[in-house]
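Heads up, target-v1.cif below (mmCIF, C-alpha atoms):
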```cif
data_run
#
loop_
_atom_site.label_atom_id
_atom_site.label_comp_id
_atom_site.auth_asym_id
_atom_site.auth_seq_id
_atom_site.Cartn_x
_atom_site.Cartn_y
_atom_site.Cartn_z
CA MET A 5 -24.18 14.37 67.39
CA LYS A 6 -22.64 17.78 67.78
CA LYS A 7 -19.93 18.05 65.19
CA GLN A 8 -16.64 19.68 65.90
CA LYS A 9 -15.16 22.31 63.63
CA VAL A 10 -13.59 20.47 60.73
CA SER A 11 -10.28 21.73 59.33
CA SER A 12 -9.92 22.55 55.70
CA ALA A 13 -7.23 19.85 55.34
CA VAL A 14 -9.79 17.24 56.42
CA ILE A 15 -12.37 18.66 54.00
CA ARG A 16 -9.79 18.34 51.20
CA ARG A 17 -9.13 14.70 52.07
CA LEU A 18 -12.78 13.62 52.23
CA PRO A 19 -13.34 13.61 48.44
CA ARG A 20 -10.24 11.44 48.04
CA TYR A 21 -11.60 9.01 50.65
CA TYR A 22 -14.88 8.89 48.77
CA ARG A 23 -13.23 8.36 45.41
CA HIS A 24 -10.92 5.67 46.70
CA LEU A 25 -13.68 3.82 48.58
CA ASN A 26 -15.84 3.94 45.48
CA ASP A 27 -13.01 2.44 43.39
CA LEU A 28 -12.51 -0.30 46.00
CA HIS A 29 -16.23 -1.03 46.05
CA GLN A 30 -16.36 -1.29 42.27
CA ALA A 31 -13.34 -3.60 42.38
CA GLY A 32 -15.34 -5.90 44.67
CA VAL A 33 -13.48 -5.13 47.92
CA GLU A 34 -15.84 -5.52 50.87
CA ARG A 35 -13.75 -4.44 53.81
CA ILE A 36 -10.48 -2.69 54.47
CA SER A 37 -8.33 -1.92 57.49
CA SER A 38 -7.42 1.65 58.29
CA ASN A 39 -3.79 0.61 57.69
CA ALA A 40 -4.51 -0.57 54.15
CA LEU A 41 -6.73 2.43 53.43
CA GLY A 42 -3.98 4.70 54.72
CA ASN A 43 -1.28 3.01 52.65
CA SER A 44 -3.15 3.39 49.41
CA LEU A 45 -3.86 7.06 50.15
CA GLY A 46 -0.39 7.93 51.42
CA LEU A 47 -1.68 8.60 54.94
CA THR A 48 -1.24 6.87 58.29
CA ALA A 49 -3.97 4.73 59.79
CA SER A 50 -4.20 7.08 62.76
CA GLN A 51 -4.60 10.07 60.44
CA ILE A 52 -7.57 8.37 58.80
CA ARG A 53 -9.14 7.40 62.12
CA GLN A 54 -8.64 10.95 63.34
CA ASP A 55 -10.17 12.49 60.19
CA LEU A 56 -13.22 10.27 60.37
CA SER A 57 -13.63 10.84 64.10
CA CYS A 58 -14.66 14.43 63.26
CA PHE A 59 -17.93 12.98 62.00
CA GLY A 60 -18.75 10.13 64.33
CA GLU A 61 -17.68 6.55 64.86
CA PHE A 62 -16.85 4.40 61.88
CA GLY A 63 -15.34 0.96 61.52
CA GLN A 64 -14.82 -1.65 64.17
CA GLN A 65 -11.80 -2.69 66.17
CA GLY A 66 -10.21 -5.75 64.56
CA TYR A 67 -12.54 -5.67 61.56
CA GLY A 68 -11.74 -2.41 59.84
CA TYR A 69 -14.22 -0.64 57.63
CA ASN A 70 -17.02 -2.01 55.54
CA VAL A 71 -16.15 -0.40 52.20
CA SER A 72 -19.61 0.32 50.81
CA THR A 73 -20.97 1.48 54.18
CA LEU A 74 -18.08 3.86 54.72
CA ARG A 75 -18.33 5.10 51.13
CA ASP A 76 -22.03 5.89 51.66
CA GLU A 77 -21.29 7.60 54.96
CA VAL A 78 -18.58 9.74 53.42
CA ALA A 79 -20.94 10.57 50.52
CA ASP A 80 -23.48 11.66 53.10
CA ILE A 81 -20.94 13.83 54.94
CA LEU A 82 -19.99 15.43 51.60
CA GLY A 83 -23.61 16.37 50.98
CA MET A 84 -23.86 14.19 47.89
CA ASN A 85 -27.42 13.23 48.78
CA ARG A 86 -28.69 16.74 49.35
CA GLY A 87 -30.00 17.10 45.82
CA HIS A 88 -27.69 19.97 44.89
CA THR A 89 -28.44 21.53 41.51
CA ALA A 90 -26.12 23.76 39.52
CA VAL A 91 -26.28 26.33 36.76
CA ILE A 92 -23.27 27.22 34.69
CA LEU A 93 -22.46 30.77 33.68
CA GLY A 94 -20.35 31.07 30.55
CA VAL A 95 -20.42 28.56 27.70
CA GLY A 96 -16.94 29.28 26.35
CA ASN A 97 -14.27 26.62 25.97
CA LEU A 98 -14.07 25.90 29.67
CA GLY A 99 -17.81 25.93 30.30
CA ARG A 100 -18.30 23.66 27.33
CA ALA A 101 -15.54 21.33 28.54
CA LEU A 102 -17.34 20.95 31.87
CA MET A 103 -20.74 20.48 30.21
CA GLU A 104 -19.48 17.88 27.75
CA ASN A 105 -16.89 16.00 29.77
CA PHE A 106 -17.44 16.48 33.48
CA HIS A 107 -19.87 14.17 35.25
CA PHE A 108 -21.66 16.48 37.68
CA ASP A 109 -24.00 13.65 38.61
CA ARG A 110 -21.15 11.53 39.96
CA SER A 111 -20.63 14.22 42.58
CA GLY A 112 -24.34 14.24 43.41
CA VAL A 113 -24.98 17.49 41.56
CA ALA A 114 -27.57 17.95 38.81
CA LEU A 115 -26.52 20.45 36.15
CA ALA A 116 -29.79 22.10 35.14
CA ALA A 117 -29.05 24.99 32.81
CA ALA A 118 -26.39 27.20 31.29
CA PHE A 119 -26.31 30.93 30.57
CA ASP A 120 -24.34 32.97 28.07
CA VAL A 121 -24.74 36.03 25.86
CA ALA A 122 -23.44 34.71 22.52
CA PRO A 123 -26.22 34.42 19.90
CA GLU A 124 -24.64 31.27 18.45
CA VAL A 125 -25.17 29.35 21.67
CA VAL A 126 -28.19 30.96 23.41
CA GLY A 127 -31.35 28.96 22.72
CA ARG A 128 -29.42 25.81 21.92
CA GLN A 129 -28.48 22.79 23.98
CA VAL A 130 -24.97 21.65 24.88
CA SER A 131 -24.76 18.03 26.01
CA GLY A 132 -28.50 18.09 26.60
CA ILE A 133 -28.32 21.20 28.83
CA PRO A 134 -30.36 24.21 27.66
CA VAL A 135 -28.46 27.47 27.23
CA TYR A 136 -30.37 30.65 28.12
CA HIS A 137 -29.47 34.30 27.76
CA VAL A 138 -27.92 35.63 30.95
CA ASP A 139 -30.71 38.24 31.11
CA GLN A 140 -33.01 35.35 32.02
CA LEU A 141 -30.89 34.27 35.00
CA GLU A 142 -33.00 35.79 37.78
CA GLU A 143 -36.30 34.70 36.24
CA TYR A 144 -35.01 31.17 35.73
CA LEU A 145 -33.66 30.84 39.28
CA SER A 146 -36.88 32.22 40.78
CA ARG A 147 -38.70 29.32 39.14
CA GLN A 148 -35.98 26.69 39.52
CA PRO A 149 -33.63 27.48 42.36
CA ALA A 150 -30.08 26.18 42.19
CA SER A 151 -27.65 25.74 45.06
CA ILE A 152 -24.47 26.04 42.98
CA GLY A 153 -23.37 28.57 40.38
CA VAL A 154 -20.46 27.47 38.19
CA LEU A 155 -18.51 30.53 37.08
CA THR A 156 -16.72 30.12 33.75
CA VAL A 157 -17.23 33.64 32.45
CA PRO A 158 -14.41 36.04 31.51
CA GLY A 159 -12.76 37.53 34.59
CA ARG A 160 -13.94 41.10 33.98
CA VAL A 161 -17.61 40.15 34.34
CA ALA A 162 -17.06 37.60 37.13
CA PRO A 163 -17.76 39.87 40.15
CA GLY A 164 -21.02 41.17 38.67
CA ILE A 165 -22.30 37.74 37.72
CA ALA A 166 -21.25 36.30 41.08
CA ASN A 167 -23.27 38.93 42.89
CA ARG A 168 -26.30 38.25 40.73
CA LEU A 169 -26.03 34.54 41.55
CA VAL A 170 -25.85 35.36 45.26
CA GLN A 171 -28.86 37.70 45.03
CA ALA A 172 -30.74 34.96 43.22
CA GLY A 173 -30.12 32.57 46.10
CA VAL A 174 -27.25 30.23 45.23
CA LYS A 175 -25.41 28.85 48.26
CA GLY A 176 -22.06 28.19 46.64
CA ILE A 177 -19.98 29.41 43.73
CA TRP A 178 -17.55 27.13 41.91
CA ASN A 179 -15.18 29.76 40.61
CA PHE A 180 -12.95 29.04 37.61
CA THR A 181 -12.23 32.66 36.76
CA ASN A 182 -8.95 33.18 38.67
CA ILE A 183 -10.62 36.28 40.13
CA GLU A 184 -10.78 36.53 43.92
CA LEU A 185 -14.46 37.13 44.61
CA SER A 186 -15.38 39.26 47.59
CA LEU A 187 -19.06 38.65 48.14
CA ASP A 188 -21.22 40.57 50.54
CA ALA A 189 -22.79 37.31 51.71
CA PRO A 190 -21.09 35.45 54.56
CA ASP A 191 -23.29 32.38 54.12
CA VAL A 192 -22.30 31.82 50.48
CA VAL A 193 -19.20 29.69 50.02
CA VAL A 194 -16.74 30.05 47.16
CA GLU A 195 -14.57 27.22 45.90
CA ASP A 196 -11.82 28.48 43.64
CA VAL A 197 -10.27 26.26 41.01
CA HIS A 198 -7.09 28.25 40.71
CA PHE A 199 -5.11 26.99 37.72
CA ALA A 200 -2.17 29.33 38.33
CA ASP A 201 -1.73 28.20 41.94
CA SER A 202 -1.75 24.61 40.77
CA LEU A 203 0.83 25.23 38.03
CA LEU A 204 3.06 27.13 40.47
CA ALA A 205 2.91 24.23 42.93
CA LEU A 206 3.97 21.92 40.10
CA SER A 207 6.77 24.31 39.17
CA TYR A 208 7.98 24.24 42.78
CA MET A 209 7.87 20.45 42.96
CA ILE A 210 9.77 20.06 39.69
CA SER A 211 12.39 22.54 40.82
CA GLU A 212 12.84 20.67 44.12
CA ALA A 213 12.73 17.14 42.66
CA PRO A 214 15.93 15.10 43.09
CA MET B 3 21.52 26.67 53.06
CA LYS B 4 20.29 23.17 53.63
CA LYS B 5 16.56 23.26 53.23
CA GLN B 6 14.26 21.31 55.47
CA LYS B 7 11.54 19.08 54.09
CA VAL B 8 8.65 21.36 53.17
CA SER B 9 5.11 20.18 53.89
CA SER B 10 2.55 20.06 51.14
CA ALA B 11 0.40 22.59 53.04
CA VAL B 12 3.25 25.10 52.81
CA ILE B 13 3.70 24.37 49.10
CA ARG B 14 -0.01 25.06 48.59
CA ARG B 15 0.25 28.41 50.37
CA LEU B 16 3.30 29.67 48.47
CA PRO B 17 1.44 30.47 45.23
CA ARG B 18 -1.10 32.45 47.23
CA TYR B 19 1.72 34.42 48.87
CA TYR B 20 3.19 35.13 45.46
CA ARG B 21 -0.15 36.19 43.98
CA HIS B 22 -0.98 38.42 46.91
CA LEU B 23 2.47 40.04 47.03
CA ASN B 24 2.27 40.67 43.31
CA ASP B 25 -1.13 42.35 43.72
CA LEU B 26 0.24 44.48 46.56
CA HIS B 27 3.25 45.45 44.48
CA GLN B 28 1.07 46.44 41.54
CA ALA B 29 -1.09 48.48 43.91
CA GLY B 30 2.06 50.39 44.90
CA VAL B 31 2.51 48.90 48.38
CA GLU B 32 6.21 48.86 49.30
CA ARG B 33 6.29 47.10 52.62
CA ILE B 34 3.98 45.05 54.76
CA SER B 35 4.08 43.55 58.24
CA SER B 36 3.60 39.82 58.72
CA ASN B 37 0.46 40.74 60.68
CA ALA B 38 -1.04 42.63 57.76
CA LEU B 39 0.03 39.98 55.27
CA GLY B 40 -1.50 37.32 57.48
CA ASN B 41 -4.76 39.21 57.88
CA SER B 42 -5.30 39.58 54.18
CA LEU B 43 -4.55 35.91 53.60
CA GLY B 44 -6.57 34.56 56.52
CA LEU B 45 -3.44 33.32 58.30
CA THR B 46 -1.63 34.32 61.47
CA ALA B 47 1.59 36.31 61.37
CA SER B 48 3.42 33.45 63.05
CA GLN B 49 2.12 31.01 60.45
CA ILE B 50 3.58 33.18 57.71
CA ARG B 51 6.91 33.59 59.48
CA GLN B 52 7.03 29.84 60.04
CA ASP B 53 6.19 29.04 56.39
CA LEU B 54 8.87 31.38 55.09
CA SER B 55 11.44 30.12 57.60
CA CYS B 56 11.48 26.84 55.62
CA PHE B 57 13.39 28.72 52.93
CA GLY B 58 15.66 31.10 54.77
CA GLU B 59 15.39 34.42 56.52
CA PHE B 60 13.06 37.07 55.19
CA GLY B 61 11.90 40.40 56.50
CA GLN B 62 13.28 42.40 59.35
CA GLN B 63 12.18 42.80 62.93
CA GLY B 64 10.17 46.01 63.27
CA TYR B 65 10.15 46.69 59.53
CA GLY B 66 8.24 43.79 58.08
CA TYR B 67 8.73 42.66 54.50
CA ASN B 68 9.75 44.61 51.46
CA VAL B 69 6.91 43.63 49.12
CA SER B 70 8.75 43.41 45.81
CA THR B 71 11.78 41.71 47.33
CA LEU B 72 9.67 39.08 49.05
CA ARG B 73 7.62 38.60 45.91
CA ASP B 74 10.78 37.96 43.91
CA GLU B 75 12.11 35.60 46.55
CA VAL B 76 8.87 33.61 46.60
CA ALA B 77 8.90 33.53 42.78
CA ASP B 78 12.40 32.14 43.00
CA ILE B 79 11.37 29.50 45.54
CA LEU B 80 8.49 28.52 43.25
CA GLY B 81 10.91 27.96 40.39
CA MET B 82 9.35 30.71 38.29
CA ASN B 83 12.78 31.72 36.99
CA ARG B 84 13.89 28.25 35.97
CA GLY B 85 12.75 28.68 32.39
CA HIS B 86 10.17 25.91 32.52
CA THR B 87 8.59 25.09 29.18
CA ALA B 88 5.40 23.14 28.62
CA VAL B 89 3.67 21.18 25.89
CA ILE B 90 -0.05 20.51 25.97
CA LEU B 91 -1.52 17.19 24.98
CA GLY B 92 -5.11 17.37 23.80
CA VAL B 93 -6.63 20.39 22.07
CA GLY B 94 -10.25 19.71 23.00
CA ASN B 95 -12.42 22.22 24.84
CA LEU B 96 -10.28 22.17 27.96
CA GLY B 97 -6.94 22.27 26.16
CA ARG B 98 -8.21 25.10 24.03
CA ALA B 99 -9.49 26.96 27.10
CA LEU B 100 -6.02 26.80 28.63
CA MET B 101 -4.31 27.83 25.39
CA GLU B 102 -6.62 30.76 24.77
CA ASN B 103 -7.31 32.04 28.27
CA PHE B 104 -4.65 30.87 30.69
CA HIS B 105 -1.48 32.94 31.02
CA PHE B 106 1.25 30.32 31.35
CA ASP B 107 3.85 33.07 31.19
CA ARG B 108 2.56 34.70 34.37
CA SER B 109 3.57 31.52 36.17
CA GLY B 110 7.00 31.58 34.56
CA VAL B 111 6.16 28.80 32.11
CA ALA B 112 6.49 29.07 28.34
CA LEU B 113 3.87 27.07 26.44
CA ALA B 114 5.74 25.89 23.36
CA ALA B 115 3.55 23.45 21.44
CA ALA B 116 0.36 21.41 21.45
CA PHE B 117 -0.39 17.90 20.22
CA ASP B 118 -3.61 16.28 19.09
CA VAL B 119 -4.85 13.73 16.56
CA ALA B 120 -7.81 15.58 15.05
CA PRO B 121 -7.19 16.57 11.40
CA GLU B 122 -9.11 19.82 11.87
CA VAL B 123 -6.60 21.12 14.39
CA VAL B 124 -3.27 19.40 13.56
CA GLY B 125 -1.06 21.72 11.51
CA ARG B 126 -2.87 24.83 12.69
CA GLN B 127 -2.14 27.31 15.44
CA VAL B 128 -4.29 28.01 18.49
CA SER B 129 -3.53 31.32 20.19
CA GLY B 130 -0.22 31.39 18.35
CA ILE B 131 0.80 27.91 19.57
CA PRO B 132 1.48 25.32 16.84
CA VAL B 133 -0.50 22.09 17.03
CA TYR B 134 1.34 18.94 15.91
CA HIS B 135 0.17 15.38 15.48
CA VAL B 136 0.79 13.34 18.60
CA ASP B 137 2.90 10.95 16.50
CA GLN B 138 5.48 13.75 16.37
CA LEU B 139 5.69 14.08 20.17
CA GLU B 140 8.96 12.20 20.71
CA GLU B 141 10.70 13.77 17.75
CA TYR B 142 9.60 17.25 18.83
CA LEU B 143 10.73 16.78 22.44
CA SER B 144 14.09 15.35 21.36
CA ARG B 145 14.75 18.64 19.58
CA GLN B 146 13.00 20.97 22.03
CA PRO B 147 12.82 19.46 25.50
CA ALA B 148 9.99 20.52 27.78
CA SER B 149 9.86 20.22 31.55
CA ILE B 150 6.05 20.12 31.84
CA GLY B 151 3.42 18.07 30.02
CA VAL B 152 -0.13 19.39 30.32
CA LEU B 153 -2.56 16.50 30.04
CA THR B 154 -5.97 17.42 28.65
CA VAL B 155 -6.60 14.27 26.64
CA PRO B 156 -9.56 11.91 27.17
CA GLY B 157 -9.10 9.73 30.26
CA ARG B 158 -8.78 6.45 28.36
CA VAL B 159 -5.59 7.56 26.59
CA ALA B 160 -4.16 9.46 29.57
CA PRO B 161 -1.91 6.71 31.02
CA GLY B 162 -0.32 5.95 27.64
CA ILE B 163 0.33 9.58 26.80
CA ALA B 164 1.64 10.25 30.31
CA ASN B 165 4.18 7.45 29.96
CA ARG B 166 5.30 8.75 26.58
CA LEU B 167 5.83 12.19 28.11
CA VAL B 168 7.90 10.66 30.90
CA GLN B 169 9.97 8.62 28.43
CA ALA B 170 10.55 11.79 26.45
CA GLY B 171 11.97 13.50 29.50
CA VAL B 172 9.34 15.77 31.04
CA LYS B 173 9.81 16.42 34.76
CA GLY B 174 6.23 17.12 35.70
CA ILE B 175 2.72 16.38 34.48
CA TRP B 176 -0.15 18.81 35.00
CA ASN B 177 -2.98 16.34 34.94
CA PHE B 178 -6.52 17.47 34.12
CA THR B 179 -7.86 14.04 33.19
CA ASN B 180 -9.32 12.94 36.54
CA ILE B 181 -7.33 9.72 36.05
CA GLU B 182 -4.90 8.75 38.83
CA LEU B 183 -1.62 8.28 37.00
CA SER B 184 0.79 5.68 38.31
CA LEU B 185 4.07 6.42 36.61
CA ASP B 186 7.11 4.21 36.78
CA ALA B 187 9.29 7.28 37.34
CA PRO B 188 9.81 8.42 40.94
CA ASP B 189 11.47 11.66 39.85
CA VAL B 190 8.51 12.85 37.77
CA VAL B 191 5.92 14.81 39.74
CA VAL B 192 2.22 14.87 38.96
CA GLU B 193 -0.07 17.74 39.86
CA ASP B 194 -3.71 16.76 39.55
CA VAL B 195 -6.40 19.34 38.92
CA HIS B 196 -9.23 17.25 40.21
CA PHE B 197 -12.51 18.92 39.37
CA ALA B 198 -14.63 16.31 41.16
CA ASP B 199 -12.70 16.67 44.43
CA SER B 200 -13.16 20.42 44.23
CA LEU B 201 -16.92 20.18 43.56
CA LEU B 202 -17.31 17.70 46.43
CA ALA B 203 -15.49 20.05 48.80
CA LEU B 204 -17.90 22.80 47.71
CA SER B 205 -20.85 20.46 48.24
CA TYR B 206 -19.58 19.75 51.76
CA MET B 207 -19.13 23.42 52.59
CA ILE B 208 -22.60 24.30 51.30
CA SER B 209 -24.16 21.48 53.27
CA GLU B 210 -22.38 22.64 56.45
CA ALA B 211 -22.93 26.38 55.96
CA PRO B 212 -25.04 28.08 58.66
#
```
For this file, produce the structure as structure tokens.
Amino acid sequence: MKKQKVSSAVIRRLPRYYRHLNDLHQAGVERISSNALGNSLGLTASQIRQDLSCFGEFGQQGYGYNVSTLRDEVADILGMNRGHTAVILGVGNLGRALMENFHFDRSGVALAAAFDVAPEVVGRQVSGIPVYHVDQLEEYLSRQPASIGVLTVPGRVAPGIANRLVQAGVKGIWNFTNIELSLDAPDVVVEDVHFADSLLALSYMISEAP
Amino acid sequence: MKKQKVSSAVIRRLPRYYRHLNDLHQAGVERISSNALGNSLGLTASQIRQDLSCFGEFGQQGYGYNVSTLRDEVADILGMNRGHTAVILGVGNLGRALMENFHFDRSGVALAAAFDVAPEVVGRQVSGIPVYHVDQLEEYLSRQPASIGVLTVPGRVAPGIANRLVQAGVKGIWNFTNIELSLDAPDVVVEDVHFADSLLALSYMISEAP
């Protein structure tokens, strides 16, 4: 099937669909109407049907959606079965928080290695993940390619490290540095986790709340 | 002026406007057309004019926008001058990362105190912020109210702590726990920083990249 161009709003909703369907599945729910799915996600049924129609035909008139089937299909759309692997750059507080507390595997991503420069962490393991010196980045990735680079380094070194990751073949950068990366690589995607934007949105919503 | 209901997409774009206008101002740019502003943000000029029209009239036909004026107006819309104060719950890796590396003040928020249960951190300061035992939360907030609670506790205690924050009068929760909070307080807003949703969006974009 030739897919249409998918808007970024739809892309942002897909992970929520996945998460919610997974919760429903684990709660033993076997099928759900688009109305009920919409209600619990704060969307209309037609919005959900329209979002999913970007990717093919799902569900059945009068029956709704089979929860586990739709969950698996959304997982597939999200690329969760593509065997993505990640390396993390920067084992400071934030890098360590992700390594110790974030379940990469639940998003279909295998975290393979970490890189830093600090002698007290290089050569050790954090949550079972080996930490190498950043000088070994290119050699490591030439042996064990990764599709995702997680950027938790200080902002001042972010552009340089990002470019090294791109040169070494990563396809996407998960950027926690609050630095806007301008990469000379149109095929590499950057996903920014922008804490300040999020806090400002909260500030707006508080200020506008009744 | 009676404001119209502002869509969440507009709310998400406002912090980017602010950030970009602030960068322009610091680079010495005094005025900018909506075309140029749109180009650098990947939006159309009419999109920008439409977004801003939710809040009043800005800019001038044939002149464009005065950068510092518009920046200040967007800051005002975002509630950056409302004197928001925050407390942070949970001084683990993530809490510590925010305390040490995130500039709350640049978003117009004063981080006043932190709370945890671990003896090795309670009674100390992290980046100049005092850390109290979580048992002192209500007493502290009764003396020094805060509008924002930053939630970086383990997921299993998140709902309980969130409800205590709400009872103690916070207006918004910045939720890093990956737990969907259901608060019995319609006037309290929750902003989720959902790492898994972000990683899944990146996984999708990588899988779809040319």
For this session: Do me a favour and pick out the residues of chain B within 7 Å of chain A, using all atoms listed in the file, as a ChimeraX atom specification.
Result: /B:13-14,17-18,79-82,95-96,98-99,109,173-174,189,191,193,198-199,202-209,211-212
With C-alpha atoms retained, could you export that selection as a short mmCIF file (atom, residue, chain, number, x, y, z; two decimals), keeping the file's coordinate frame?
```cif
data_model
loop_
_atom_site.label_atom_id
_atom_site.label_comp_id
_atom_site.auth_asym_id
_atom_site.auth_seq_id
_atom_site.Cartn_x
_atom_site.Cartn_y
_atom_site.Cartn_z
CA ILE B 13 3.70 24.37 49.10
CA ARG B 14 -0.01 25.06 48.59
CA PRO B 17 1.44 30.47 45.23
CA ARG B 18 -1.10 32.45 47.23
CA ILE B 79 11.37 29.50 45.54
CA LEU B 80 8.49 28.52 43.25
CA GLY B 81 10.91 27.96 40.39
CA MET B 82 9.35 30.71 38.29
CA ASN B 95 -12.42 22.22 24.84
CA LEU B 96 -10.28 22.17 27.96
CA ARG B 98 -8.21 25.10 24.03
CA ALA B 99 -9.49 26.96 27.10
CA SER B 109 3.57 31.52 36.17
CA LYS B 173 9.81 16.42 34.76
CA GLY B 174 6.23 17.12 35.70
CA ASP B 189 11.47 11.66 39.85
CA VAL B 191 5.92 14.81 39.74
CA GLU B 193 -0.07 17.74 39.86
CA ALA B 198 -14.63 16.31 41.16
CA ASP B 199 -12.70 16.67 44.43
CA LEU B 202 -17.31 17.70 46.43
CA ALA B 203 -15.49 20.05 48.80
CA LEU B 204 -17.90 22.80 47.71
CA SER B 205 -20.85 20.46 48.24
CA TYR B 206 -19.58 19.75 51.76
CA MET B 207 -19.13 23.42 52.59
CA ILE B 208 -22.60 24.30 51.30
CA SER B 209 -24.16 21.48 53.27
CA ALA B 211 -22.93 26.38 55.96
CA PRO B 212 -25.04 28.08 58.66
#
```
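Between atom CA of B:His22 and atom CA of B:Gly64 there is a distance of 21.2 Å.
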For this session: Would you mind listing what lies within 6 Å of stretch 131-145 of chain A as a ChimeraX atom specification, with all atoms listed in the file counted and same-chain residues fewer than 2 positions away left out?
Result: /A:104,117-121,126-129,147-149,172
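Going from atom CA of A:Leu185 to atom CA of B:Ile50 covers 22.6 Å.
Closest to B:Gly85 among B:Asp107, B:His27, B:Ser144, B:Thr154 is B:Asp107, based on only C-alpha atoms.
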For this session: Please check which residues have atoms at most 12 Å from (-5.8, 8.5, 28.9) in the file's coordinates, counting all atoms listed in the file, and write them as number ranges by chain.
Result: B: 91-92, 153-166, 177-184
Problem set entry | Point-to-point distance from atom CA of B:Asp74 to atom CA of B:Phe60, Å rounded to tenths | 11.5 Å
Exercise. Which residues fall under the PyMOL selection byres ((chain A and resi 72) around 12) in this file, as a PyMOL selection string?
Worked result: chain A and resi 21-36+63+69-71+73-79
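Run against this file, the PyMOL selection byres ((chain B and resi 56) around 8) gives back Lys5, Gln6, Lys7, Val8, Gln52, Asp53, Leu54, Ser55, Phe57 and Gly58 of chain B.
Using all atoms listed in the file, the smallest distance between any of B:Val89, B:Val168, B:Ala47, B:Ala120 and B:Ser35 comes from B:Ala47.
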Edge lengths and centre, in Å to one decimal, as AutoDock Vina command-line options: that's what I need for the box along x, y and z that holds all listed atoms of stretch 157-167 of chain B plus 4 Å on each side.
```
--center_x -1.6 --center_y 9.1 --center_z 28.8 --size_x 22.9 --size_y 14.2 --size_z 12.4
```
Problem set entry | Given all atoms listed in the file as the counted atoms, nearest of A:Tyr67, A:Leu115, A:Leu41, A:Gln51 to A:Ala90 | A:Leu115
Taking the structure I provided as the source, export stretch 39-85 of chain A with C-alpha atoms, as a PDB file, in the first residue's frame.
```pdb
ATOM      1  CA  ASN A  39     -15.960   5.542  20.339  1.00  0.00           C
ATOM      2  CA  ALA A  40     -14.676   3.961  23.542  1.00  0.00           C
ATOM      3  CA  LEU A  41     -11.058   4.207  22.404  1.00  0.00           C
ATOM      4  CA  GLY A  42     -11.637   7.862  21.555  1.00  0.00           C
ATOM      5  CA  ASN A  43     -13.289   8.624  24.897  1.00  0.00           C
ATOM      6  CA  SER A  44     -10.439   7.234  26.926  1.00  0.00           C
ATOM      7  CA  LEU A  45      -7.899   9.161  24.842  1.00  0.00           C
ATOM      8  CA  GLY A  46      -9.818  12.429  24.723  1.00  0.00           C
ATOM      9  CA  LEU A  47     -10.340  12.161  20.966  1.00  0.00           C
ATOM     10  CA  THR A  48     -13.376  11.610  18.749  1.00  0.00           C
ATOM     11  CA  ALA A  49     -14.051   8.268  17.124  1.00  0.00           C
ATOM     12  CA  SER A  50     -13.751   9.855  13.689  1.00  0.00           C
ATOM     13  CA  GLN A  51     -10.373  11.347  14.624  1.00  0.00           C
ATOM     14  CA  ILE A  52      -9.113   7.885  15.512  1.00  0.00           C
ATOM     15  CA  ARG A  53     -10.507   6.316  12.341  1.00  0.00           C
ATOM     16  CA  GLN A  54      -8.940   9.108  10.319  1.00  0.00           C
ATOM     17  CA  ASP A  55      -5.533   8.743  12.025  1.00  0.00           C
ATOM     18  CA  LEU A  56      -5.457   5.003  11.456  1.00  0.00           C
ATOM     19  CA  SER A  57      -6.631   5.354   7.866  1.00  0.00           C
ATOM     20  CA  CYS A  58      -3.213   6.872   7.084  1.00  0.00           C
ATOM     21  CA  PHE A  59      -1.796   3.370   7.445  1.00  0.00           C
ATOM     22  CA  GLY A  60      -4.415   1.057   6.014  1.00  0.00           C
ATOM     23  CA  GLU A  61      -7.706  -0.449   7.093  1.00  0.00           C
ATOM     24  CA  PHE A  62      -8.206  -1.459  10.686  1.00  0.00           C
ATOM     25  CA  GLY A  63     -11.211  -2.614  12.650  1.00  0.00           C
ATOM     26  CA  GLN A  64     -14.545  -3.740  11.358  1.00  0.00           C
ATOM     27  CA  GLN A  65     -17.882  -1.999  11.044  1.00  0.00           C
ATOM     28  CA  GLY A  66     -20.074  -2.944  14.012  1.00  0.00           C
ATOM     29  CA  TYR A  67     -17.302  -4.861  15.761  1.00  0.00           C
ATOM     30  CA  GLY A  68     -14.679  -2.249  16.512  1.00  0.00           C
ATOM     31  CA  TYR A  69     -11.053  -3.111  16.969  1.00  0.00           C
ATOM     32  CA  ASN A  70      -9.442  -6.271  18.215  1.00  0.00           C
ATOM     33  CA  VAL A  71      -7.219  -4.807  20.936  1.00  0.00           C
ATOM     34  CA  SER A  72      -4.159  -7.035  20.655  1.00  0.00           C
ATOM     35  CA  THR A  73      -4.232  -7.047  16.843  1.00  0.00           C
ATOM     36  CA  LEU A  74      -4.453  -3.268  16.661  1.00  0.00           C
ATOM     37  CA  ARG A  75      -1.748  -2.916  19.316  1.00  0.00           C
ATOM     38  CA  ASP A  76       0.571  -5.133  17.247  1.00  0.00           C
ATOM     39  CA  GLU A  77      -0.248  -3.212  14.086  1.00  0.00           C
ATOM     40  CA  VAL A  78       0.462   0.119  15.741  1.00  0.00           C
ATOM     41  CA  ALA A  79       3.722  -1.327  17.144  1.00  0.00           C
ATOM     42  CA  ASP A  80       4.624  -2.324  13.616  1.00  0.00           C
ATOM     43  CA  ILE A  81       3.825   1.148  12.245  1.00  0.00           C
ATOM     44  CA  LEU A  82       5.998   2.654  14.997  1.00  0.00           C
ATOM     45  CA  GLY A  83       8.928   0.511  13.916  1.00  0.00           C
ATOM     46  CA  MET A  84       9.066  -1.331  17.223  1.00  0.00           C
ATOM     47  CA  ASN A  85       9.940  -4.572  15.441  1.00  0.00           C
TER      48      ASN A  85
END
```
